[in-house]
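Enquirer: Sharing a structure, written as structure tokens. Questions coming.
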Amino acid sequence: MYKCLFVNKSMYRLLIVLFIILLCTAFFIAGKKIFTVSAEKSSEKAVLLPVIMYHSVCEKTPSDYIVNPQQFKNDLAWLKNNGYSSVSAHQLIDYTHGIGELPEKPVFITFDDGFYNNLSLALPLLEKFDMCAVVSIVGRYTDDYAPADPHVDNYSYLTWSDISELIASGRIEIGSHTYDLHSNKSERHGCTKLASETVEKYTEMLSTDIGLLKTELIQNCGIAPVVFAYPFGALSQESLPVIRDNGILMTLTCREDINLITRDSDCLYGIFRYNRSGLLTTEEFMEKITKN
Ligand SMILES: [Zn+2]
């Protein structure tokens, strides 16, 4: 009797333990499912986007702002071999407005300053690897420097007809790098606001500068830029409202980090970029920008 009771009691305890284990397992599975669903939901429209900032692509000694054509070719080959597809500014803008999808591994390629070699040496390689890019030009360089000494791979700037050729390739979008605020010599650093300047004066100055390049691009090449690259990555808190009011839908900084692209168009203001220094190998650079 006692033995029987003991067995029953043990079995009873065993059943309770089994029941608790079963209950915990059920909660664990259900919890995991709920967590997975909510994680999927929150990341549904967020895409990791590395952005590369090039300047000059030529046969000069590589530096922080110069890569040679072989390095550029290696970069594009690496991206291709590792499953990356380049995306255009318009694709990104559309995506943030709920239009279309982005490739599984997008990369955004940008060039600053408007060097002629972006056309003569970089474009043929972009064509070879079926990639696209944004070239952000400085209006003053195109108006004054480019026609004075055109079409030298190592140092010339793009003329208006070179820019039209880039656009006609269907692979290059043209961004604004300001008309005349890309100078280290003036009191102002890039397009920042001077301490002595009122917000009204600053707004007028920046608006006039951006408007001038926009007008010249419309007149000479038939396009209005929607991408703006801050010269030297320098900006003030008063900069963005002025830039937005001038039709810019995407701004590019020089801060190095990965971007998270969502269906919210505001995420395109303040895009982070990795400067492609020619002092790194392709592998060293790509490891840096894809570590996330
Ligand atoms: Zn620049």
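Ordering of the structure tokens sets the chain letters (A, B, ...); residue numbers start at 1 within each chain; ligands are numbered from 1 in the order shown.
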What's the 12 Å shell around Arg244 in chain A, counting only C-alpha atoms, without same-chain residues fewer than 6 positions away, as a list in words?
Expert: Thr203, Leu206, Ser207, Ile210, Gly211, Pro225, Val226, Val227, Phe228, Glu238, Met250, Thr251, Ser265, Asp266, Leu268, Tyr269 and Gly270 of chain A
Enquirer: Go ahead and write the selection's residues with N, CA and C atoms as a PDB file, in the first residue's frame.
Expert:
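New file selection-v4.pdb:
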```pdb
ATOM      1  N   THR A 203      20.962  81.832 -45.693  1.00  0.00           N
ATOM      2  CA  THR A 203      19.982  81.182 -46.564  1.00  0.00           C
ATOM      3  C   THR A 203      20.064  81.739 -47.982  1.00  0.00           C
ATOM      4  N   LEU A 206      23.465  80.533 -49.683  1.00  0.00           N
ATOM      5  CA  LEU A 206      23.500  79.112 -50.086  1.00  0.00           C
ATOM      6  C   LEU A 206      22.486  78.839 -51.202  1.00  0.00           C
ATOM      7  N   SER A 207      21.332  79.467 -51.083  1.00  0.00           N
ATOM      8  CA  SER A 207      20.288  79.287 -52.075  1.00  0.00           C
ATOM      9  C   SER A 207      20.747  79.798 -53.446  1.00  0.00           C
ATOM     10  N   ILE A 210      23.429  77.247 -54.841  1.00  0.00           N
ATOM     11  CA  ILE A 210      22.827  75.998 -55.331  1.00  0.00           C
ATOM     12  C   ILE A 210      21.998  76.277 -56.592  1.00  0.00           C
ATOM     13  N   GLY A 211      21.277  77.400 -56.560  1.00  0.00           N
ATOM     14  CA  GLY A 211      20.431  77.776 -57.695  1.00  0.00           C
ATOM     15  C   GLY A 211      21.237  78.021 -58.957  1.00  0.00           C
ATOM     16  N   PRO A 225      19.889  68.796 -60.615  1.00  0.00           N
ATOM     17  CA  PRO A 225      20.423  67.805 -59.670  1.00  0.00           C
ATOM     18  C   PRO A 225      19.498  67.568 -58.477  1.00  0.00           C
ATOM     19  N   VAL A 226      19.431  66.323 -58.025  1.00  0.00           N
ATOM     20  CA  VAL A 226      18.651  66.008 -56.814  1.00  0.00           C
ATOM     21  C   VAL A 226      19.561  65.478 -55.707  1.00  0.00           C
ATOM     22  N   VAL A 227      20.845  65.343 -56.040  1.00  0.00           N
ATOM     23  CA  VAL A 227      21.839  64.882 -55.049  1.00  0.00           C
ATOM     24  C   VAL A 227      22.779  66.035 -54.747  1.00  0.00           C
ATOM     25  N   PHE A 228      23.105  66.193 -53.469  1.00  0.00           N
ATOM     26  CA  PHE A 228      24.021  67.265 -53.055  1.00  0.00           C
ATOM     27  C   PHE A 228      25.106  66.674 -52.163  1.00  0.00           C
ATOM     28  N   GLU A 238      21.801  74.930 -40.170  1.00  0.00           N
ATOM     29  CA  GLU A 238      20.933  75.736 -41.042  1.00  0.00           C
ATOM     30  C   GLU A 238      21.019  75.290 -42.508  1.00  0.00           C
ATOM     31  N   MET A 250      18.628  64.125 -51.748  1.00  0.00           N
ATOM     32  CA  MET A 250      19.613  63.266 -51.087  1.00  0.00           C
ATOM     33  C   MET A 250      20.889  64.070 -50.821  1.00  0.00           C
ATOM     34  N   THR A 251      21.387  64.028 -49.582  1.00  0.00           N
ATOM     35  CA  THR A 251      22.650  64.717 -49.294  1.00  0.00           C
ATOM     36  C   THR A 251      23.707  63.696 -48.878  1.00  0.00           C
ATOM     37  N   SER A 265      11.620  58.724 -46.901  1.00  0.00           N
ATOM     38  CA  SER A 265      12.509  59.517 -47.764  1.00  0.00           C
ATOM     39  C   SER A 265      13.498  60.380 -46.972  1.00  0.00           C
ATOM     40  N   ASP A 266      13.216  60.640 -45.699  1.00  0.00           N
ATOM     41  CA  ASP A 266      14.148  61.425 -44.885  1.00  0.00           C
ATOM     42  C   ASP A 266      15.470  60.698 -44.652  1.00  0.00           C
ATOM     43  N   LEU A 268      17.447  59.605 -46.653  1.00  0.00           N
ATOM     44  CA  LEU A 268      18.452  59.916 -47.680  1.00  0.00           C
ATOM     45  C   LEU A 268      19.184  61.237 -47.410  1.00  0.00           C
ATOM     46  N   TYR A 269      18.771  61.945 -46.360  1.00  0.00           N
ATOM     47  CA  TYR A 269      19.500  63.167 -46.004  1.00  0.00           C
ATOM     48  C   TYR A 269      20.591  62.818 -44.979  1.00  0.00           C
ATOM     49  N   GLY A 270      21.829  63.069 -45.378  1.00  0.00           N
ATOM     50  CA  GLY A 270      22.951  62.764 -44.476  1.00  0.00           C
ATOM     51  C   GLY A 270      23.513  61.373 -44.701  1.00  0.00           C
TER      52      GLY A 270
END
```
Enquirer: Do you know which residues are within 7 Å of ligand 1 using only C-alpha atoms and all ligand atoms? Can you write them as number ranges by chain?
Expert: A: 112-113, 177, 182, 231-232
Enquirer: Could you save the residues just selected, with C-alpha atoms, as a PDB file, in the first residue's frame?
Expert:
```pdb
ATOM      1  CA  ASP A 112      33.241  64.055 -55.948  1.00  0.00           C
ATOM      2  CA  ASP A 113      34.730  67.167 -57.598  1.00  0.00           C
ATOM      3  CA  HIS A 177      28.977  69.822 -55.056  1.00  0.00           C
ATOM      4  CA  HIS A 182      34.459  74.157 -52.585  1.00  0.00           C
ATOM      5  CA  PRO A 231      32.148  70.031 -49.804  1.00  0.00           C
ATOM      6  CA  PHE A 232      34.593  68.543 -47.236  1.00  0.00           C
TER       7      PHE A 232
END
```
Enquirer: Env of His55 in chain A: 10 Å cut, atoms = only C-alpha atoms, seq-sep filter 4 positions within chain, self excluded. Answer as JSON, numbers by chain.
Expert: {"A": [64, 65, 66, 67, 110, 111, 112, 113, 114, 115, 117, 118, 135, 136, 275, 276, 277]}
Enquirer: Could you write those residues out with N, CA and C atoms, as a CSV table (one decimal), in the first residue's frame?
Expert:
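Below is the file result-v5.csv, written as the result:
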```csv
chain,number,residue,atom,x,y,z
A,64,ASP,N,45.1,59.6,-50.8
A,64,ASP,CA,43.8,59.5,-50.1
A,64,ASP,C,42.6,59.8,-51.1
A,65,TYR,N,42.9,60.6,-52.1
A,65,TYR,CA,41.9,61.0,-53.1
A,65,TYR,C,42.2,60.6,-54.5
A,66,ILE,N,43.1,59.7,-54.7
A,66,ILE,CA,43.4,59.2,-56.1
A,66,ILE,C,43.5,57.7,-56.0
A,67,VAL,N,42.8,57.0,-56.9
A,67,VAL,CA,43.0,55.6,-57.1
A,67,VAL,C,43.4,55.5,-58.6
A,110,THR,N,29.9,56.8,-55.6
A,110,THR,CA,29.9,58.3,-55.9
A,110,THR,C,31.3,58.8,-56.2
A,111,PHE,N,31.3,59.9,-57.0
A,111,PHE,CA,32.6,60.6,-57.3
A,111,PHE,C,32.4,62.0,-57.0
A,112,ASP,N,33.3,62.6,-56.3
A,112,ASP,CA,33.2,64.1,-55.9
A,112,ASP,C,34.2,64.9,-56.8
A,113,ASP,N,33.9,66.1,-57.0
A,113,ASP,CA,34.7,67.2,-57.6
A,113,ASP,C,34.6,67.3,-59.1
A,114,GLY,N,34.2,66.3,-59.8
A,114,GLY,CA,34.0,66.4,-61.3
A,114,GLY,C,35.2,66.3,-62.1
A,115,PHE,N,36.1,65.4,-61.9
A,115,PHE,CA,37.3,65.2,-62.7
A,115,PHE,C,36.9,64.6,-64.1
A,117,ASN,N,38.6,62.5,-65.7
A,117,ASN,CA,38.9,61.1,-65.7
A,117,ASN,C,37.7,60.2,-65.3
A,118,ASN,N,36.7,60.8,-64.6
A,118,ASN,CA,35.5,60.1,-64.3
A,118,ASN,C,34.8,59.6,-65.6
A,135,VAL,N,28.2,61.5,-60.1
A,135,VAL,CA,29.3,62.3,-60.1
A,135,VAL,C,28.9,63.7,-59.6
A,136,SER,N,29.4,64.2,-58.5
A,136,SER,CA,29.0,65.5,-58.0
A,136,SER,C,30.0,66.6,-58.4
A,275,ASN,N,35.4,57.0,-47.8
A,275,ASN,CA,36.3,57.5,-48.8
A,275,ASN,C,37.2,56.4,-49.2
A,276,ARG,N,37.3,56.2,-50.6
A,276,ARG,CA,38.2,55.2,-51.1
A,276,ARG,C,39.6,55.8,-51.3
A,277,SER,N,40.4,55.5,-50.3
A,277,SER,CA,41.8,56.0,-50.4
A,277,SER,C,42.5,55.0,-51.2
```
Enquirer: Write out as a list in words each polymer residue whose atoms come within 7 Å of Ser85 in chain A, counting only C-alpha atoms; drop sequence neighbours fewer than 5 positions from it.
Expert: Lys80, Pro103, Lys105, Pro106 and Val107 of chain A
Enquirer: So, counting only C-alpha atoms, which residue among A:Leu213, A:Leu102, A:Ala195, A:Val87 is closest to Ala46 in chain A?
Expert: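 Nearest candidate to Ala46 in chain A out of A:Leu213, A:Leu102, A:Ala195, A:Val87: A:Leu102.
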Enquirer: Just want the 12 Å neighbourhood of Trp160 in chain A, counted on only C-alpha atoms, with same-chain residues fewer than 6 positions away dropped. Output as a count of residues only.
Expert: 28
Enquirer: Name the residues of range 172-265 of chain A that come out as strand (DSSP E or B) in a backbone DSSP run; write them as a VMD selection string.
Expert: chain A and resid 172 to 176 227 to 229 250 to 252 259 to 261
Enquirer: Any chance you can output those residues with N, CA and C atoms as a tab-separated table (two decimals), in the first residue's frame?
Expert:
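The result, stored in out-v4.tsv:
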```tsv
chain	number	residue	atom	x	y	z
A	172	ILE	N	25.42	57.45	-65.39
A	172	ILE	CA	25.89	58.49	-64.47
A	172	ILE	C	24.80	59.52	-64.21
A	173	GLU	N	24.57	59.78	-62.92
A	173	GLU	CA	23.71	60.89	-62.52
A	173	GLU	C	24.63	62.00	-62.02
A	174	ILE	N	24.20	63.23	-62.23
A	174	ILE	CA	25.05	64.36	-61.84
A	174	ILE	C	24.51	64.99	-60.55
A	175	GLY	N	25.39	65.10	-59.58
A	175	GLY	CA	25.03	65.74	-58.32
A	175	GLY	C	25.67	67.11	-58.22
A	176	SER	N	25.21	67.89	-57.25
A	176	SER	CA	25.77	69.22	-56.99
A	176	SER	C	26.78	69.13	-55.85
A	227	VAL	N	20.85	65.34	-56.04
A	227	VAL	CA	21.84	64.88	-55.05
A	227	VAL	C	22.78	66.03	-54.75
A	228	PHE	N	23.11	66.19	-53.47
A	228	PHE	CA	24.02	67.26	-53.05
A	228	PHE	C	25.11	66.67	-52.16
A	229	ALA	N	26.36	66.86	-52.56
A	229	ALA	CA	27.49	66.38	-51.75
A	229	ALA	C	28.11	67.59	-51.04
A	250	MET	N	18.63	64.13	-51.75
A	250	MET	CA	19.61	63.27	-51.09
A	250	MET	C	20.89	64.07	-50.82
A	251	THR	N	21.39	64.03	-49.58
A	251	THR	CA	22.65	64.72	-49.29
A	251	THR	C	23.71	63.70	-48.88
A	252	LEU	N	24.93	63.95	-49.32
A	252	LEU	CA	26.04	63.04	-49.08
A	252	LEU	C	27.07	63.67	-48.16
A	259	ASN	N	24.78	52.80	-44.11
A	259	ASN	CA	23.45	53.43	-44.10
A	259	ASN	C	22.36	52.37	-43.98
A	260	LEU	N	21.29	52.76	-43.35
A	260	LEU	CA	20.11	51.91	-43.25
A	260	LEU	C	19.01	52.59	-44.05
A	261	ILE	N	18.66	52.00	-45.18
A	261	ILE	CA	17.67	52.61	-46.07
A	261	ILE	C	16.29	52.02	-45.79
```
Enquirer: Check the smallest atom-to-atom distance from each of A:Glu197, A:Glu59, A:Arg273, A:Val134 to Gln91 in chain A using only C-alpha atoms, then report the winner.
Expert: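 Ranked by minimum distance to Gln91 in chain A, first place goes to A:Val134.
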